Amino acid sequence: MQAIGADELDVTCIAARTVAGEMRQRIGYRLAAMTLTDIAHDTCLVAAELITNACQATPGEKIRFRFVREVGSVLLAVWDSSDLMPEVQPIRELEPADLDLSPDGFDDNGGWGLTLVRTIASECGVCRTTPSGKWVWARLAVGPW
């Protein structure tokens, strides 16, 4: 891990199930130090969604996570080597009958993470990288500094 400054994280690691939890913890510490705990829950949720998607797209490969404090916002960005672009599920009302709540299918009810990111973030997007891969990013607004 490379820490850029007290307000930034730049981490390159292997995509694994534990990465999202570790980054949530590190972000929580950074936000507490910046006295921005009011946005900690939303920021950690967005980070976990972006990181989880990168880990699912490229299991066992390198991913990179960036957390940067900006004037009036924080920026989260995750790079992975997959050329597949993220797809946002269309928003629709779900009924319990729409979900597979059986033990075998319970984990197959996902796919709503990017919808959450779009709802929480003030801005979000994706940028392709050369020769392959992409950055998926989200910016969360904060109160006056």
# chains A, B, ... in the order shown; residues from 1 in each chain; ligands from 1
>>> select_by_dssp(residues="chain A", states="helix (DSSP H, G or I)", output="NGL selection string")
:A and (19-33 or 37-57 or 96-98 or 106-109 or 113-120)
>>> residues_around(residues="A:Pro59", least_positions_apart="4", cutoff="7 Å", atoms="only C-alpha atoms", output="list of chain:residue names")
A:Ala15, A:Ala16, A:Cys55
>>> atom_distance(atom1="atom CA of A:Ala20", atom2="atom CA of A:Asp104")
23.6 Å
>>> residues_around(residues="A:Trp135", least_positions_apart="3", cutoff="7 Å", atoms="only C-alpha atoms", output="ChimeraX atom specification")
/A:77-80,126-128
>>> write_last_selection(atoms="N, CA and C atoms", output="CSV table (one decimal), in the first residue's frame")
chain,number,residue,atom,x,y,z
A,77,ALA,N,-12.2,5.7,-6.5
A,77,ALA,CA,-12.0,5.2,-7.9
A,77,ALA,C,-11.3,3.8,-7.8
A,78,VAL,N,-11.8,2.9,-8.6
A,78,VAL,CA,-11.3,1.5,-8.6
A,78,VAL,C,-10.9,1.1,-10.0
A,79,TRP,N,-9.7,0.6,-10.2
A,79,TRP,CA,-9.2,0.2,-11.5
A,79,TRP,C,-9.2,-1.4,-11.5
A,80,ASP,N,-9.6,-1.9,-12.6
A,80,ASP,CA,-9.4,-3.4,-12.8
A,80,ASP,C,-9.1,-3.6,-14.3
A,126,VAL,N,-17.2,5.9,-15.6
A,126,VAL,CA,-16.2,4.9,-15.9
A,126,VAL,C,-15.4,5.5,-17.1
A,127,CYS,N,-14.1,5.2,-17.0
A,127,CYS,CA,-13.1,5.6,-18.0
A,127,CYS,C,-12.3,4.4,-18.4
A,128,ARG,N,-12.2,4.1,-19.7
A,128,ARG,CA,-11.4,3.0,-20.2
A,128,ARG,C,-9.9,3.4,-20.1
>>> residues_around(residues="A:Ala33", least_positions_apart="4", cutoff="9 Å", atoms="only C-alpha atoms", output="PDB file with C-alpha atoms, in the first residue's frame")
ATOM      1  CA  ALA A   6      -3.122  12.060   5.207  1.00  0.00           C
ATOM      2  CA  ASP A   7      -6.222  12.575   3.071  1.00  0.00           C
ATOM      3  CA  GLY A  28     -13.425   5.052   7.977  1.00  0.00           C
ATOM      4  CA  TYR A  29     -10.171   5.931   9.738  1.00  0.00           C
ATOM      5  CA  THR A  37     -17.859  10.866   9.949  1.00  0.00           C
TER       6      THR A  37
END
>>> residues_around(residues="A:Thr35", least_positions_apart="3", cutoff="12 Å", atoms="only C-alpha atoms", output="VMD selection string")
chain A and resid 7 28 to 32 38 to 40 142 to 145
>>> write_last_selection(atoms="C-alpha atoms", output="PDB file, in the first residue's frame")
ATOM      1  CA  ASP A   7      -6.222  12.575   3.071  1.00  0.00           C
ATOM      2  CA  GLY A  28     -13.425   5.052   7.977  1.00  0.00           C
ATOM      3  CA  TYR A  29     -10.171   5.931   9.738  1.00  0.00           C
ATOM      4  CA  ARG A  30      -9.347   8.600   7.143  1.00  0.00           C
ATOM      5  CA  LEU A  31     -12.814  10.164   7.355  1.00  0.00           C
ATOM      6  CA  ALA A  32     -12.696  10.182  11.157  1.00  0.00           C
ATOM      7  CA  ASP A  38     -21.267  12.085   8.733  1.00  0.00           C
ATOM      8  CA  ILE A  39     -20.476  10.724   5.258  1.00  0.00           C
ATOM      9  CA  ALA A  40     -18.608   7.611   6.430  1.00  0.00           C
ATOM     10  CA  VAL A 142     -19.453  16.892   1.600  1.00  0.00           C
ATOM     11  CA  GLY A 143     -20.406  20.010   3.508  1.00  0.00           C
ATOM     12  CA  PRO A 144     -18.281  23.137   3.638  1.00  0.00           C
ATOM     13  CA  TRP A 145     -14.628  22.642   4.614  1.00  0.00           C
TER      14      TRP A 145
END
>>> select_by_dssp(residues="stretch 8-111 of chain A", states="strand (DSSP E or B)", output="list in words")
Glu8, Leu9, Asp10, Val11, Thr12, Cys13, Ile14, Lys62, Ile63, Arg64, Phe65, Arg66, Phe67, Val68, Arg69, Glu70, Ser73, Val74, Leu75, Leu76, Ala77, Val78, Trp79 and Asp80 of chain A
>>> residues_around(residues="A:Val68", least_positions_apart="4", cutoff="7 Å", atoms="only C-alpha atoms", output="mmCIF file with all heavy atoms, in the first residue's frame")
data_model
loop_
_atom_site.group_PDB
_atom_site.id
_atom_site.type_symbol
_atom_site.label_atom_id
_atom_site.label_comp_id
_atom_site.auth_asym_id
_atom_site.auth_seq_id
_atom_site.Cartn_x
_atom_site.Cartn_y
_atom_site.Cartn_z
ATOM 1 N N ASP A 7 -4.858 12.586 3.594
ATOM 2 C CA ASP A 7 -6.222 12.575 3.071
ATOM 3 C C ASP A 7 -6.406 11.648 1.879
ATOM 4 O O ASP A 7 -7.454 11.675 1.250
ATOM 5 C CB ASP A 7 -6.631 13.993 2.653
ATOM 6 C CG ASP A 7 -6.653 14.950 3.821
ATOM 7 O OD1 ASP A 7 -6.740 14.488 4.973
ATOM 8 O OD2 ASP A 7 -6.583 16.160 3.591
ATOM 9 N N GLU A 8 -5.402 10.833 1.543
ATOM 10 C CA GLU A 8 -5.486 10.011 0.347
ATOM 11 C C GLU A 8 -5.061 8.574 0.623
ATOM 12 O O GLU A 8 -4.276 8.314 1.524
ATOM 13 C CB GLU A 8 -4.579 10.581 -0.746
ATOM 14 C CG GLU A 8 -4.950 11.975 -1.177
ATOM 15 C CD GLU A 8 -4.097 12.487 -2.326
ATOM 16 O OE1 GLU A 8 -3.537 11.665 -3.078
ATOM 17 O OE2 GLU A 8 -3.998 13.700 -2.473
ATOM 18 N N LEU A 9 -5.596 7.676 -0.183
ATOM 19 C CA LEU A 9 -5.160 6.282 -0.220
ATOM 20 C C LEU A 9 -4.938 5.912 -1.674
ATOM 21 O O LEU A 9 -5.711 6.314 -2.546
ATOM 22 C CB LEU A 9 -6.241 5.349 0.324
ATOM 23 C CG LEU A 9 -6.447 5.229 1.815
ATOM 24 C CD1 LEU A 9 -7.683 4.393 2.090
ATOM 25 C CD2 LEU A 9 -5.242 4.610 2.471
ATOM 26 N N VAL A 74 -15.285 13.901 -1.744
ATOM 27 C CA VAL A 74 -14.277 12.839 -1.722
ATOM 28 C C VAL A 74 -14.468 12.034 -2.993
ATOM 29 O O VAL A 74 -15.587 11.891 -3.494
ATOM 30 C CB VAL A 74 -14.362 11.940 -0.469
ATOM 31 C CG1 VAL A 74 -14.021 12.715 0.782
ATOM 32 C CG2 VAL A 74 -15.709 11.262 -0.343
ATOM 33 N N LEU A 75 -13.366 11.550 -3.545
ATOM 34 C CA LEU A 75 -13.387 10.777 -4.779
ATOM 35 C C LEU A 75 -12.922 9.364 -4.482
ATOM 36 O O LEU A 75 -11.892 9.160 -3.838
ATOM 37 C CB LEU A 75 -12.465 11.412 -5.821
ATOM 38 C CG LEU A 75 -12.316 10.655 -7.139
ATOM 39 C CD1 LEU A 75 -13.629 10.684 -7.922
ATOM 40 C CD2 LEU A 75 -11.180 11.243 -7.961
ATOM 41 N N LEU A 76 -13.699 8.399 -4.951
ATOM 42 C CA LEU A 76 -13.350 6.989 -4.868
ATOM 43 C C LEU A 76 -13.199 6.478 -6.293
ATOM 44 O O LEU A 76 -14.038 6.776 -7.142
ATOM 45 C CB LEU A 76 -14.466 6.199 -4.184
ATOM 46 C CG LEU A 76 -14.870 6.662 -2.795
ATOM 47 C CD1 LEU A 76 -16.229 6.094 -2.428
ATOM 48 C CD2 LEU A 76 -13.832 6.238 -1.790
#
>>> closest_residue(among="A:Arg69, A:Arg17, A:Arg139, A:Arg64", to="A:Ala121", atoms="only C-alpha atoms")
A:Arg139
>>> residues_around(residues="A:Ile120", least_positions_apart="3", cutoff="7 Å", atoms="only C-alpha atoms", output="MDAnalysis selection string")
chainID A and resid 42 116:117
>>> write_last_selection(atoms="C-alpha atoms", output="PDB file, in the first residue's frame")
ATOM      1  CA  ASP A  42     -22.295   6.272   2.433  1.00  0.00           C
ATOM      2  CA  LEU A 116     -26.925   2.382  -5.100  1.00  0.00           C
ATOM      3  CA  VAL A 117     -23.724   4.126  -6.178  1.00  0.00           C
TER       4      VAL A 117
END
>>> closest_residue(among="A:Met85, A:Ile27, A:Ala57, A:Leu114", to="A:Cys44", atoms="only C-alpha atoms")
A:Ile27
>>> closest_residue(among="A:Glu70, A:Ile63, A:Pro103, A:Thr119", to="A:Val88", atoms="only C-alpha atoms")
A:Thr119
>>> closest_residue(among="A:Glu93, A:Leu140, A:Leu84, A:Ala54", to="A:Gly72", atoms="only C-alpha atoms")
A:Leu140
>>> closest_residue(among="A:Thr58, A:Leu50, A:Pro131, A:Arg66", to="A:Arg26", atoms="only C-alpha atoms")
A:Arg66
